[in-house]
Amino acid sequence: MTNRIETALIHGAIREGYADKKGAVNVPMYLSSTFHQESIDEFGEYDYARSGNPTRAALEKAIAELEGGNRGFAFATGMAAVSACFMILSAGDHIVITEDVYGGTYRFVTKVLPRYGITHTFVDFTDTEAVKAAVRPETKLIYMETPSNPTLGITDIRAVVEIAKQHGALTFLDNTFMTPLHQKPLKLGVDVVIHSATKFLSGHSDIVAGLVVTKDEALGNEIYFVQNSFGSVLGVQDCYTLIQNMKTTAVRFNEETRVAMRIAQFLHAHPLVEKVYYPGLPTHPGFEIHAAQATSAGAVLSFSLPNYEIAKAFVEAMKIPVFAVSLGGVESILSYPAKMSHAAMEPEERAKRGITDGLLRFSVGLENEDDLIEDFTQALEIANKIK
């Protein structure tokens, strides 16, 4: 029997012998750096915790099942996961990457990879023809992030996969904003799916973690080689916490996406708000494409206020959300991308991507929705006085 994803989120990590034989309903924490071997001639499944640990294996098996892949990998952070995937490339390889990408990924691609002879081209991935035009003979990877961070640009996943196949390139996709609950990139032909599991999969702002899933055995072996070589694996206690937190992803994320739509509609109708970036709104240019490849619009939205002074007044007037980096927690998180998630990006590059001094990003939590709307209302009233 194949379980639906809500069931798999709860039971995926404890199936097939991972649970303690004494009947524990939670995956045990194997707090051991090394493992006894019964024979000098034949070692067991585990030998050293960097290479493998039963608790981490349970988590990796679970995320592989959730994404519909054949192998999963757990990393110390989301950026460790992203970096490990890039490191299967070689000198002389070229990457086509979405220009509206997370600031940490931008930093790695622009500041680290060139040292190893790996080049890149940033492209507006909402324009499939532009993606196609950017591919070179040496292009080995097309990297997607959809919805993108922070302006929620939408990539036509199927179209980009087709371009990659025509040129023999791999496709990677950062699925952090949607989770496997609402978007399944591997089923759309993507080769590698990446998550900052710090965000919605964990959902409690208590750990940092990265997850990767592959569907091809050879590609999975390559990523495992990098993971084992670099050693940036997720610690056992964080693996346990993530397994526990993932069990409530469906109830958390479904509610957060429902409330996000209401807040997006509220902001869209407010005269002080210049623009709302949320793929659930019919006015969003990627609305139809997103609806064809995902089952919700997610729980993150961004919106533009007229200038920095108004944005500053708004942020300081808000009372409920945490004002912080990151997203995906049970607490709503308000962020200022220009100085937070995309601070690593040069000002002129931010401007090209619509990351203005008035742009704010909001990750919807689990507070009462009416309380959130009331908080937005009073903060916008105060900010409007600056205008």
# chains A, B, ... in the order shown; residues from 1 in each chain; ligands from 1

$ select_by_dssp --residues "stretch 108-179 of chain A" --states "strand (DSSP E or B)" --output "JSON, numbers by chain"
{"A": [119, 120, 121, 122, 123, 139, 140, 141, 142, 143, 144, 145, 170, 171, 172, 173, 174]}

$ write_last_selection --atoms "N, CA and C atoms" --output "compact mmCIF listing (two decimals), in the first residue's frame"
# COMPACT_ATOMS: atom_id res chain seq x y z
N THR A 119 31.65 28.40 -14.16
CA THR A 119 31.05 29.68 -14.53
C THR A 119 29.53 29.62 -14.45
N HIS A 120 28.91 30.79 -14.54
CA HIS A 120 27.46 30.86 -14.39
C HIS A 120 26.87 31.99 -15.22
N THR A 121 25.59 31.88 -15.49
CA THR A 121 24.81 32.95 -16.12
C THR A 121 23.49 33.06 -15.38
N PHE A 122 23.20 34.26 -14.87
CA PHE A 122 21.91 34.50 -14.23
C PHE A 122 20.89 34.89 -15.30
N VAL A 123 19.68 34.33 -15.17
CA VAL A 123 18.64 34.54 -16.16
C VAL A 123 17.30 34.73 -15.44
N THR A 139 27.29 23.99 -20.69
CA THR A 139 26.30 24.04 -19.61
C THR A 139 26.01 22.63 -19.11
N LYS A 140 26.24 22.42 -17.82
CA LYS A 140 26.01 21.11 -17.23
C LYS A 140 24.86 21.13 -16.22
N LEU A 141 24.38 22.32 -15.87
CA LEU A 141 23.36 22.41 -14.84
C LEU A 141 22.45 23.60 -15.07
N ILE A 142 21.15 23.38 -14.90
CA ILE A 142 20.17 24.46 -14.85
C ILE A 142 19.54 24.43 -13.46
N TYR A 143 19.68 25.55 -12.75
CA TYR A 143 19.29 25.61 -11.34
C TYR A 143 18.06 26.48 -11.16
N MET A 144 17.01 25.88 -10.62
CA MET A 144 15.73 26.56 -10.43
C MET A 144 15.44 26.81 -8.96
N GLU A 145 14.68 27.85 -8.70
CA GLU A 145 14.10 28.11 -7.39
C GLU A 145 12.71 28.67 -7.64
N LEU A 170 21.88 18.73 -16.27
CA LEU A 170 21.12 18.35 -15.09
C LEU A 170 20.20 19.50 -14.67
N THR A 171 19.17 19.18 -13.90
CA THR A 171 18.30 20.19 -13.32
C THR A 171 18.24 20.00 -11.81
N PHE A 172 18.50 21.09 -11.08
CA PHE A 172 18.35 21.13 -9.62
C PHE A 172 17.23 22.11 -9.31
N LEU A 173 16.47 21.84 -8.25
CA LEU A 173 15.39 22.75 -7.87
C LEU A 173 15.32 22.89 -6.36
N ASP A 174 15.36 24.13 -5.90
CA ASP A 174 15.18 24.44 -4.49
C ASP A 174 13.68 24.48 -4.21

$ residues_around --residues "A:Val109" --least-positions-apart "2" --cutoff "9 Å" --atoms "only C-alpha atoms" --output "MDAnalysis selection string"
chainID A and resid 83 86 95 104:107 111:114 118:120

$ select_by_dssp --residues "stretch 185-290 of chain A" --states "alpha helix (DSSP H)" --output "ChimeraX atom specification"
/A:217-230,236-246,249-269,287-290

$ closest_residue --among "A:Gly12, A:Gly78, A:Pro285, A:Gly298" --to "A:Leu66" --atoms "only C-alpha atoms"
A:Gly12

$ closest_residue --among "A:Asn384, A:Thr198, A:Asn221, A:Asn228" --to "A:Ile310" --atoms "only C-alpha atoms"
A:Asn384

$ residues_around --residues "A:Ala209" --least-positions-apart "3" --cutoff "8 Å" --atoms "only C-alpha atoms" --output "short mmCIF file (atom, residue, chain, number, x, y, z; two decimals) with N, CA and C atoms, in the first residue's frame"
data_model
loop_
_atom_site.label_atom_id
_atom_site.label_comp_id
_atom_site.auth_asym_id
_atom_site.auth_seq_id
_atom_site.Cartn_x
_atom_site.Cartn_y
_atom_site.Cartn_z
N ALA A 74 20.88 14.18 4.33
CA ALA A 74 20.65 15.21 5.34
C ALA A 74 21.96 15.94 5.63
N PHE A 75 21.91 17.27 5.53
CA PHE A 75 23.09 18.11 5.69
C PHE A 75 22.93 19.04 6.89
N ALA A 76 24.06 19.60 7.31
CA ALA A 76 24.09 20.43 8.51
C ALA A 76 23.28 21.72 8.36
N THR A 77 23.16 22.24 7.14
CA THR A 77 22.38 23.45 6.86
C THR A 77 21.83 23.36 5.45
N GLY A 78 20.91 24.28 5.13
CA GLY A 78 20.42 24.35 3.76
C GLY A 78 21.53 24.69 2.79
N SER A 196 15.99 23.77 2.24
CA SER A 196 16.42 24.25 3.54
C SER A 196 15.35 23.76 4.50
N ALA A 197 15.62 22.62 5.14
CA ALA A 197 14.64 22.02 6.04
C ALA A 197 14.49 22.81 7.33
N THR A 198 15.35 23.80 7.52
CA THR A 198 15.21 24.77 8.60
C THR A 198 13.83 25.40 8.57
N LEU A 234 24.07 16.29 8.97
CA LEU A 234 23.21 16.76 10.06
C LEU A 234 23.43 15.90 11.29
N ASP A 238 19.70 16.78 15.87
CA ASP A 238 18.92 17.60 14.93
C ASP A 238 18.13 16.71 13.97
#

$ closest_atom_pairs --of "stretch 281-337 of chain A" --to "stretch 269-276 of chain A" --cutoff "6 Å" --atoms "only C-alpha atoms" --output "Markdown table"
| residue | atom | partner | partner_atom | distance |
| --- | --- | --- | --- | --- |
| A:Ser302 | CA | A:Val276 | CA | 6.0 |
| A:Phe303 | CA | A:Val276 | CA | 4.3 |
| A:Ser304 | CA | A:Lys275 | CA | 5.2 |
| A:Leu305 | CA | A:Val273 | CA | 5.2 |

$ write_last_selection --atoms "N, CA and C atoms" --output "PDB file, in the first residue's frame"
ATOM      1  N   SER A 302       5.641  38.497  -0.522  1.00  0.00           N
ATOM      2  CA  SER A 302       6.404  39.736  -0.389  1.00  0.00           C
ATOM      3  C   SER A 302       5.545  40.886  -0.889  1.00  0.00           C
ATOM      4  N   PHE A 303       5.849  42.088  -0.417  1.00  0.00           N
ATOM      5  CA  PHE A 303       5.086  43.257  -0.857  1.00  0.00           C
ATOM      6  C   PHE A 303       5.971  44.492  -0.796  1.00  0.00           C
ATOM      7  N   SER A 304       5.672  45.419  -1.683  1.00  0.00           N
ATOM      8  CA  SER A 304       6.471  46.629  -1.793  1.00  0.00           C
ATOM      9  C   SER A 304       5.731  47.824  -1.227  1.00  0.00           C
ATOM     10  N   LEU A 305       6.405  48.557  -0.351  1.00  0.00           N
ATOM     11  CA  LEU A 305       5.936  49.855   0.115  1.00  0.00           C
ATOM     12  C   LEU A 305       6.727  50.934  -0.621  1.00  0.00           C
TER      13      LEU A 305
END

$ atom_distance --atom1 "atom CA of A:Met178" --atom2 "atom CA of A:Glu331"
17.5 Å

$ closest_residue --among "A:Leu31, A:Leu301, A:Val25, A:Ala169" --to "A:Gly280" --atoms "only C-alpha atoms"
A:Leu301

$ closest_atom_pairs --of "stretch 157-194 of chain A" --to "stretch 245-258 of chain A" --cutoff "10 Å" --atoms "only C-alpha atoms" --output "JSON lines"
{"residue": "A:Met178", "atom": "CA", "partner": "A:Phe253", "partner_atom": "CA", "distance": 9.0}
{"residue": "A:Thr179", "atom": "CA", "partner": "A:Phe253", "partner_atom": "CA", "distance": 8.9}
{"residue": "A:Pro180", "atom": "CA", "partner": "A:Ala250", "partner_atom": "CA", "distance": 10.0}
{"residue": "A:Leu181", "atom": "CA", "partner": "A:Ala250", "partner_atom": "CA", "distance": 6.9}
{"residue": "A:His182", "atom": "CA", "partner": "A:Asn254", "partner_atom": "CA", "distance": 9.1}

$ write_last_selection --atoms "C-alpha atoms" --output "PDB file, in the first residue's frame"
ATOM      1  CA  MET A 178       6.582  24.587  -1.317  1.00  0.00           C
ATOM      2  CA  THR A 179       7.803  21.405   0.431  1.00  0.00           C
ATOM      3  CA  PRO A 180       6.906  18.002  -1.074  1.00  0.00           C
ATOM      4  CA  LEU A 181       3.429  18.530   0.367  1.00  0.00           C
ATOM      5  CA  HIS A 182       2.538  20.965  -2.407  1.00  0.00           C
TER       6      HIS A 182
END

$ decode --residues "stretch 103-208 of chain A" --atoms "C-alpha atoms" --output "tab-separated table (two decimals), in the first residue's frame"
chain	number	residue	atom	x	y	z
A	103	GLY	CA	21.30	35.34	-1.29
A	104	GLY	CA	23.41	32.52	0.15
A	105	THR	CA	23.16	30.58	-3.11
A	106	TYR	CA	24.07	33.74	-5.03
A	107	ARG	CA	27.13	34.20	-2.83
A	108	PHE	CA	28.31	30.61	-3.35
A	109	VAL	CA	27.82	30.71	-7.11
A	110	THR	CA	29.47	34.11	-7.60
A	111	LYS	CA	32.25	34.04	-5.01
A	112	VAL	CA	33.21	30.38	-4.48
A	113	LEU	CA	32.56	28.40	-7.66
A	114	PRO	CA	34.59	30.72	-9.94
A	115	ARG	CA	37.69	29.78	-7.92
A	116	TYR	CA	37.26	26.26	-9.26
A	117	GLY	CA	36.65	27.24	-12.86
A	118	ILE	CA	32.86	26.85	-12.76
A	119	THR	CA	31.05	29.68	-14.53
A	120	HIS	CA	27.46	30.86	-14.39
A	121	THR	CA	24.81	32.95	-16.12
A	122	PHE	CA	21.91	34.50	-14.23
A	123	VAL	CA	18.64	34.54	-16.16
A	124	ASP	CA	15.06	35.61	-15.58
A	125	PHE	CA	13.53	32.13	-15.27
A	126	THR	CA	10.02	33.45	-15.78
A	127	ASP	CA	11.14	33.77	-19.43
A	128	THR	CA	11.65	30.26	-20.81
A	129	GLU	CA	13.14	31.58	-24.04
A	130	ALA	CA	15.77	33.48	-22.06
A	131	VAL	CA	16.69	30.27	-20.27
A	132	LYS	CA	17.04	28.47	-23.57
A	133	ALA	CA	19.21	31.26	-24.99
A	134	ALA	CA	21.55	31.15	-22.00
A	135	VAL	CA	22.50	27.49	-22.45
A	136	ARG	CA	26.00	26.89	-23.82
A	137	PRO	CA	27.77	23.74	-25.00
A	138	GLU	CA	29.54	23.59	-21.61
A	139	THR	CA	26.30	24.04	-19.61
A	140	LYS	CA	26.01	21.11	-17.23
A	141	LEU	CA	23.36	22.41	-14.84
A	142	ILE	CA	20.17	24.46	-14.85
A	143	TYR	CA	19.29	25.61	-11.34
A	144	MET	CA	15.73	26.56	-10.43
A	145	GLU	CA	14.10	28.11	-7.39
A	146	THR	CA	10.34	28.30	-7.72
A	147	PRO	CA	8.66	30.17	-6.19
A	148	SER	CA	11.82	32.24	-6.00
A	149	ASN	CA	13.11	34.24	-3.06
A	150	PRO	CA	12.04	36.96	-2.37
A	151	THR	CA	9.84	38.10	-5.26
A	152	LEU	CA	8.06	34.77	-5.78
A	153	GLY	CA	8.91	34.41	-9.45
A	154	ILE	CA	7.53	31.25	-11.05
A	155	THR	CA	9.52	28.94	-13.31
A	156	ASP	CA	7.80	26.58	-15.73
A	157	ILE	CA	9.46	23.44	-14.37
A	158	ARG	CA	8.40	21.15	-17.22
A	159	ALA	CA	9.66	23.58	-19.87
A	160	VAL	CA	13.06	24.02	-18.20
A	161	VAL	CA	13.44	20.26	-17.76
A	162	GLU	CA	12.83	19.83	-21.47
A	163	ILE	CA	15.49	22.42	-22.30
A	164	ALA	CA	17.96	20.65	-20.02
A	165	LYS	CA	17.26	17.27	-21.59
A	166	GLN	CA	17.83	18.66	-25.07
A	167	HIS	CA	21.31	19.80	-24.01
A	168	GLY	CA	22.27	16.94	-21.70
A	169	ALA	CA	22.25	19.16	-18.61
A	170	LEU	CA	21.12	18.35	-15.09
A	171	THR	CA	18.30	20.19	-13.32
A	172	PHE	CA	18.35	21.13	-9.62
A	173	LEU	CA	15.39	22.75	-7.87
A	174	ASP	CA	15.18	24.44	-4.49
A	175	ASN	CA	11.77	23.33	-3.19
A	176	THR	CA	11.99	25.06	0.21
A	177	PHE	CA	9.00	27.36	-0.27
A	178	MET	CA	6.58	24.59	-1.32
A	179	THR	CA	7.80	21.41	0.43
A	180	PRO	CA	6.91	18.00	-1.07
A	181	LEU	CA	3.43	18.53	0.37
A	182	HIS	CA	2.54	20.97	-2.41
A	183	GLN	CA	5.14	20.53	-5.18
A	184	LYS	CA	6.86	17.37	-6.46
A	185	PRO	CA	9.71	18.45	-8.79
A	186	LEU	CA	11.06	14.92	-9.36
A	187	LYS	CA	7.71	13.89	-10.85
A	188	LEU	CA	8.06	16.83	-13.25
A	189	GLY	CA	11.44	15.54	-14.43
A	190	VAL	CA	13.88	17.42	-12.16
A	191	ASP	CA	17.06	15.51	-11.25
A	192	VAL	CA	17.80	16.86	-7.76
A	193	VAL	CA	15.52	18.50	-5.19
A	194	ILE	CA	17.00	20.64	-2.41
A	195	HIS	CA	15.43	21.91	0.82
A	196	SER	CA	16.42	24.25	3.54
A	197	ALA	CA	14.64	22.02	6.04
A	198	THR	CA	15.21	24.77	8.60
A	199	LYS	CA	12.08	26.32	7.16
A	200	PHE	CA	8.64	24.73	6.67
A	201	LEU	CA	9.64	21.08	7.02
A	202	SER	CA	10.97	21.68	10.53
A	203	GLY	CA	8.72	24.67	11.15
A	204	HIS	CA	9.73	25.64	14.67
A	205	SER	CA	12.81	27.86	14.20
A	206	ASP	CA	14.78	25.50	16.42
A	207	ILE	CA	17.30	23.81	14.10
A	208	VAL	CA	19.16	24.45	10.85
